[in-house]
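Asker: Sharing input-v7.txt (compact mmCIF, C-alpha atoms) below.
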# COMPACT_ATOMS: atom_id res chain seq x y z
CA MET U 99 -36.97 -32.56 35.84
CA GLN U 100 -36.57 -29.93 33.18
CA LEU U 101 -37.68 -26.60 34.65
CA LEU U 102 -39.61 -25.64 31.54
CA GLU U 103 -41.64 -28.85 31.73
CA ARG U 104 -42.82 -27.90 35.23
CA VAL U 105 -43.32 -24.16 34.60
CA LYS U 106 -45.34 -23.49 31.50
CA ASN U 107 -45.08 -20.02 29.96
CA CYS U 108 -41.87 -18.98 31.72
CA ASN U 109 -41.89 -15.19 31.73
CA GLY U 110 -38.18 -14.75 32.43
CA CYS U 111 -38.68 -12.98 35.77
CA GLY U 112 -35.56 -14.65 37.20
CA ALA U 113 -37.00 -15.68 40.57
CA CYS U 114 -35.81 -19.25 39.99
CA VAL U 115 -32.16 -18.17 39.76
CA VAL U 116 -31.98 -16.61 43.25
CA PRO U 117 -32.59 -19.66 45.48
CA CYS U 118 -30.46 -22.09 43.44
CA LYS U 119 -27.39 -22.94 45.55
CA HIS U 120 -25.64 -24.72 42.68
CA ASN U 121 -26.03 -22.04 39.99
CA ALA U 122 -27.87 -24.61 37.90
CA VAL U 123 -30.46 -22.12 36.63
CA LYS U 124 -29.42 -19.43 34.17
CA LEU U 125 -31.36 -16.78 32.27
CA PHE U 126 -30.83 -16.47 28.54
CA ASP U 127 -32.40 -14.41 25.79
CA ARG U 128 -35.42 -16.51 24.85
CA ASN U 129 -34.41 -16.81 21.20
CA SER U 130 -30.68 -17.30 21.67
CA GLU U 131 -28.83 -20.25 20.23
CA GLU U 132 -27.25 -20.80 23.67
CA ALA U 133 -30.69 -21.27 25.28
CA ALA U 134 -31.76 -23.64 22.52
CA GLU U 135 -28.62 -25.76 22.89
CA LEU U 136 -29.05 -26.08 26.67
CA ILE U 137 -32.73 -26.87 26.39
CA LEU U 138 -31.97 -29.60 23.88
CA LYS U 139 -29.01 -30.92 25.88
CA TYR U 140 -30.78 -31.17 29.23
CA ALA U 141 -34.37 -31.79 28.19
CA ASP U 142 -35.80 -34.96 29.70
CA LYS U 143 -37.25 -37.08 26.89
CA GLN U 144 -37.27 -34.17 24.42
CA SER U 145 -39.74 -31.84 26.15
CA ALA U 146 -42.30 -29.92 24.13
CA GLU U 147 -40.22 -26.75 24.65
CA ALA U 148 -37.10 -28.46 23.26
CA LYS U 149 -39.01 -29.83 20.27
CA ALA U 150 -40.44 -26.38 19.55
CA TYR U 151 -36.95 -24.82 19.64
CA LYS U 152 -35.56 -27.51 17.39
CA ALA U 153 -38.39 -27.16 14.88
CA SER U 154 -38.55 -23.36 14.85
CA GLY U 155 -34.96 -22.50 13.97
CA ARG U 156 -35.83 -18.99 15.18
CA TYR U 157 -33.21 -18.61 17.87
CA GLY U 158 -30.39 -16.13 17.56
CA SER U 159 -32.46 -13.40 15.94
CA ASP U 160 -33.76 -11.09 18.66
CA GLY U 161 -30.54 -9.73 20.20
CA PRO U 162 -30.38 -7.46 23.26
CA GLY U 163 -33.63 -6.85 25.08
CA ALA U 164 -35.17 -10.14 23.99
CA LYS U 165 -37.37 -11.68 26.68
CA LYS U 166 -35.43 -13.98 28.99
CA ILE U 167 -36.06 -17.65 29.66
CA ALA U 168 -34.82 -19.78 32.54
CA VAL U 169 -32.84 -22.87 31.57
CA LEU U 170 -31.85 -25.56 34.05
CA ASN U 171 -28.49 -27.30 33.72
CA GLU U 172 -29.60 -30.78 34.78
CA GLY U 173 -26.00 -31.81 35.39
CA ALA U 174 -25.58 -29.24 38.17
CA CYS U 175 -29.06 -29.60 39.69
CA ASP U 176 -29.52 -31.47 42.98
CA ARG U 177 -33.31 -31.59 42.49
CA CYS U 178 -34.13 -29.46 45.55
CA ASN U 179 -36.98 -27.78 43.63
CA ALA U 180 -36.22 -24.32 45.07
CA CYS U 181 -36.33 -22.94 41.53
CA VAL U 182 -39.94 -24.04 41.17
CA LEU U 183 -41.03 -23.23 44.74
CA PHE U 184 -40.16 -19.55 44.31
CA CYS U 185 -41.57 -19.27 40.78
CA PRO U 186 -44.60 -16.94 40.88
CA ILE U 187 -46.18 -18.80 37.95
CA PHE U 188 -45.84 -22.28 39.47
CA ASN U 189 -46.59 -21.07 43.01
CA PRO U 190 -48.79 -17.97 42.51
CA VAL U 191 -48.76 -14.99 44.88
CA GLU U 192 -51.42 -12.34 45.36
CA LEU U 193 -50.35 -8.88 44.29
CA PRO U 194 -51.46 -5.71 46.02
CA VAL U 195 -53.79 -3.32 44.20
CA PHE U 196 -51.78 -0.50 42.67
CA GLU U 197 -53.18 2.98 42.26
CA GLU U 198 -50.18 4.57 40.59
CA TRP U 199 -48.43 3.08 37.54
CA TYR U 200 -45.17 4.01 35.85
CA GLU U 201 -44.32 3.99 32.18
CA TYR U 202 -42.52 0.93 30.90
CA ASP U 203 -39.24 1.48 29.06
CA PRO U 204 -37.42 -1.28 27.12
CA ALA U 205 -34.26 -0.39 29.07
CA PHE U 206 -35.83 -2.20 32.02
CA ASP U 207 -35.37 -5.48 30.11
CA GLU U 208 -31.59 -5.10 30.38
CA ARG U 209 -31.49 -5.29 34.19
CA ASP U 210 -29.93 -8.26 35.99
CA MET U 211 -33.09 -9.22 37.88
CA PRO U 212 -31.64 -11.93 40.18
CA LYS U 213 -29.00 -9.46 41.35
CA LEU U 214 -31.63 -6.73 41.76
CA TYR U 215 -33.90 -9.07 43.79
CA ARG U 216 -31.00 -9.94 46.12
CA GLU U 217 -30.03 -6.27 46.61
CA THR U 218 -33.64 -5.23 47.22
CA MET U 219 -34.27 -8.00 49.75
CA ARG U 220 -30.97 -7.32 51.53
CA LYS U 221 -31.76 -3.61 51.92
CA ALA U 222 -35.35 -4.23 53.00
CA ARG U 223 -34.27 -6.81 55.60
CA ALA U 224 -31.71 -4.33 56.94
CA GLY U 225 -34.59 -1.90 57.56
CA GLN U 226 -33.62 0.57 54.85
CA HIS U 227 -36.28 2.44 52.87
CA THR U 228 -36.19 0.58 49.55
CA GLU U 229 -37.99 1.17 46.27
CA PHE U 230 -38.45 -1.52 43.64
CA VAL U 231 -39.56 -0.69 40.10
CA GLY U 232 -40.71 -3.62 38.01
CA THR U 233 -43.37 -5.24 35.89
CA LEU U 234 -46.09 -7.19 37.65
CA CYS U 235 -44.30 -10.48 37.01
CA GLN U 236 -41.12 -9.04 38.56
CA ILE U 237 -43.05 -7.73 41.57
CA ALA U 238 -44.67 -11.17 41.94
CA ALA U 239 -41.21 -12.76 41.80
CA LEU U 240 -39.90 -10.43 44.51
CA LYS U 241 -42.94 -11.13 46.69
CA SER U 242 -42.50 -14.87 46.19
CA LEU U 243 -38.83 -14.65 47.14
CA ASN U 244 -39.89 -12.77 50.30
CA GLY U 245 -42.23 -15.58 51.39
CA ASP U 246 -45.32 -13.97 49.82
CA LYS U 247 -44.83 -10.86 51.97
CA ILE U 248 -43.86 -7.27 51.27
CA PRO U 249 -41.99 -5.54 54.11
CA GLN U 250 -43.43 -2.12 55.07
CA ASN U 251 -40.18 -0.37 54.18
CA LEU U 252 -40.30 -1.77 50.62
CA ILE U 253 -42.13 0.53 48.21
CA LEU U 254 -43.29 -1.13 44.99
CA LYS U 255 -43.55 0.88 41.78
CA PRO U 256 -45.29 -1.13 39.05
CA LEU U 257 -44.46 -0.63 35.40
CA LEU U 258 -47.41 -0.66 33.07
CA CYS U 259 -46.80 -3.08 30.24
CA SER U 260 -48.61 -1.79 27.19
CA LYS U 261 -50.95 -4.03 25.25
CA GLU U 262 -48.44 -3.94 22.37
CA LYS U 263 -45.67 -5.23 24.65
CA ARG U 264 -47.88 -7.96 26.05
CA ASP U 265 -48.97 -8.99 22.55
CA SER U 266 -45.36 -9.09 21.29
CA GLU U 267 -44.21 -11.94 23.56
CA PRO U 268 -46.00 -15.31 23.91
CA CYS U 269 -45.32 -15.46 27.66
CA CYS U 270 -46.56 -11.86 28.13
CA ARG U 271 -49.68 -12.58 26.08
CA GLU U 272 -50.67 -15.21 28.65
CA CYS U 273 -49.57 -13.13 31.65
CA ALA U 274 -51.28 -14.26 34.85
CA PHE U 275 -50.80 -10.88 36.51
CA TYR U 276 -52.85 -8.60 34.22
For this file, write the structure as structure tokens.
Answerer:
Amino acid sequence: MQLLERVKNCNGCGACVVPCKHNAVKLFDRNSEEAAELILKYADKQSAEAKAYKASGRYGSDGPGAKKIAVLNEGACDRCNACVLFCPIFNPVELPVFEEWYEYDPAFDERDMPKLYRETMRKARAGQHTEFVGTLCQIAALKSLNGDKIPQNLILKPLLCSKEKRDSEPCCRECAFY
């Protein structure tokens, strides 16, 4: 099971990384040569994603801040499917209605989201007042990782992704959360 065959339009939210006990799922810059090599190496029967990477030759060009993509190392995977079960695209969650939005900054793309999800959940479970700032896909990922619930002490601050940002990335263009 190649993760990208099961989850179409991976948005790089990183929710799949958190529940993996074997560290089989990693996030890479979407257009990196490293991601392309792993997709080709572990793709079952040359998935459509792997064929597209091979044909495009476009990897390695975007550098820091490029949208992330989750790649599964089939050799380390025990096929528990936790990566897919917590994916907010594969297993959708309902988001709350937000009245206040915050301006998106490209610096937010540089955050280690799996680490941030773990820290946020740990603090919220300990009863601490916790604030989480993220795009709608990141908020959906956090909610999915919390069993489709948002603790009362967890304050969500959504970042507004501009139309230009959404149009610039294929996975953002087809965002299920806007």
Asker: Compare U:Arg209, U:Lys165, U:Val195, U:Lys124 by their minimum atom-to-atom distance to U:Arg264, counting all atoms listed in the file, and give me the closest one.
Answerer: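 With all atoms listed in the file as the atom set, the closest residue is U:Lys165.
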Asker: Atom CA of U:Lys255 and atom CA of U:Glu229, how far apart in Å?
Answerer: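 About the pair atom CA of U:Glu229 and atom CA of U:Lys255: they are 7.2 Å apart.
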Asker: Please measure the separation of atom CA of U:Glu208 and atom CA of U:Ala180, giving the value in Å to one decimal.
Answerer: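 According to the coordinates, atom CA of U:Glu208 and atom CA of U:Ala180 are separated by 24.6 Å.
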Asker: What's around stretch 105-111 of chain U at 10 Å? Count all atoms listed in the file, leave out sequence neighbours fewer than 2 positions away in its own chain, and write the answer as a ChimeraX atom specification.
Answerer: /U:100-103,113-115,125-128,147,165-169,181-182,185-189,207,210-212,232-240,267-274
Asker: What does the structure give for the distance between atom CA of U:Asp203 and atom CA of U:Leu170, in Å to one decimal?
Answerer: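 Separating atom CA of U:Asp203 from atom CA of U:Leu170 is a distance of 28.5 Å.
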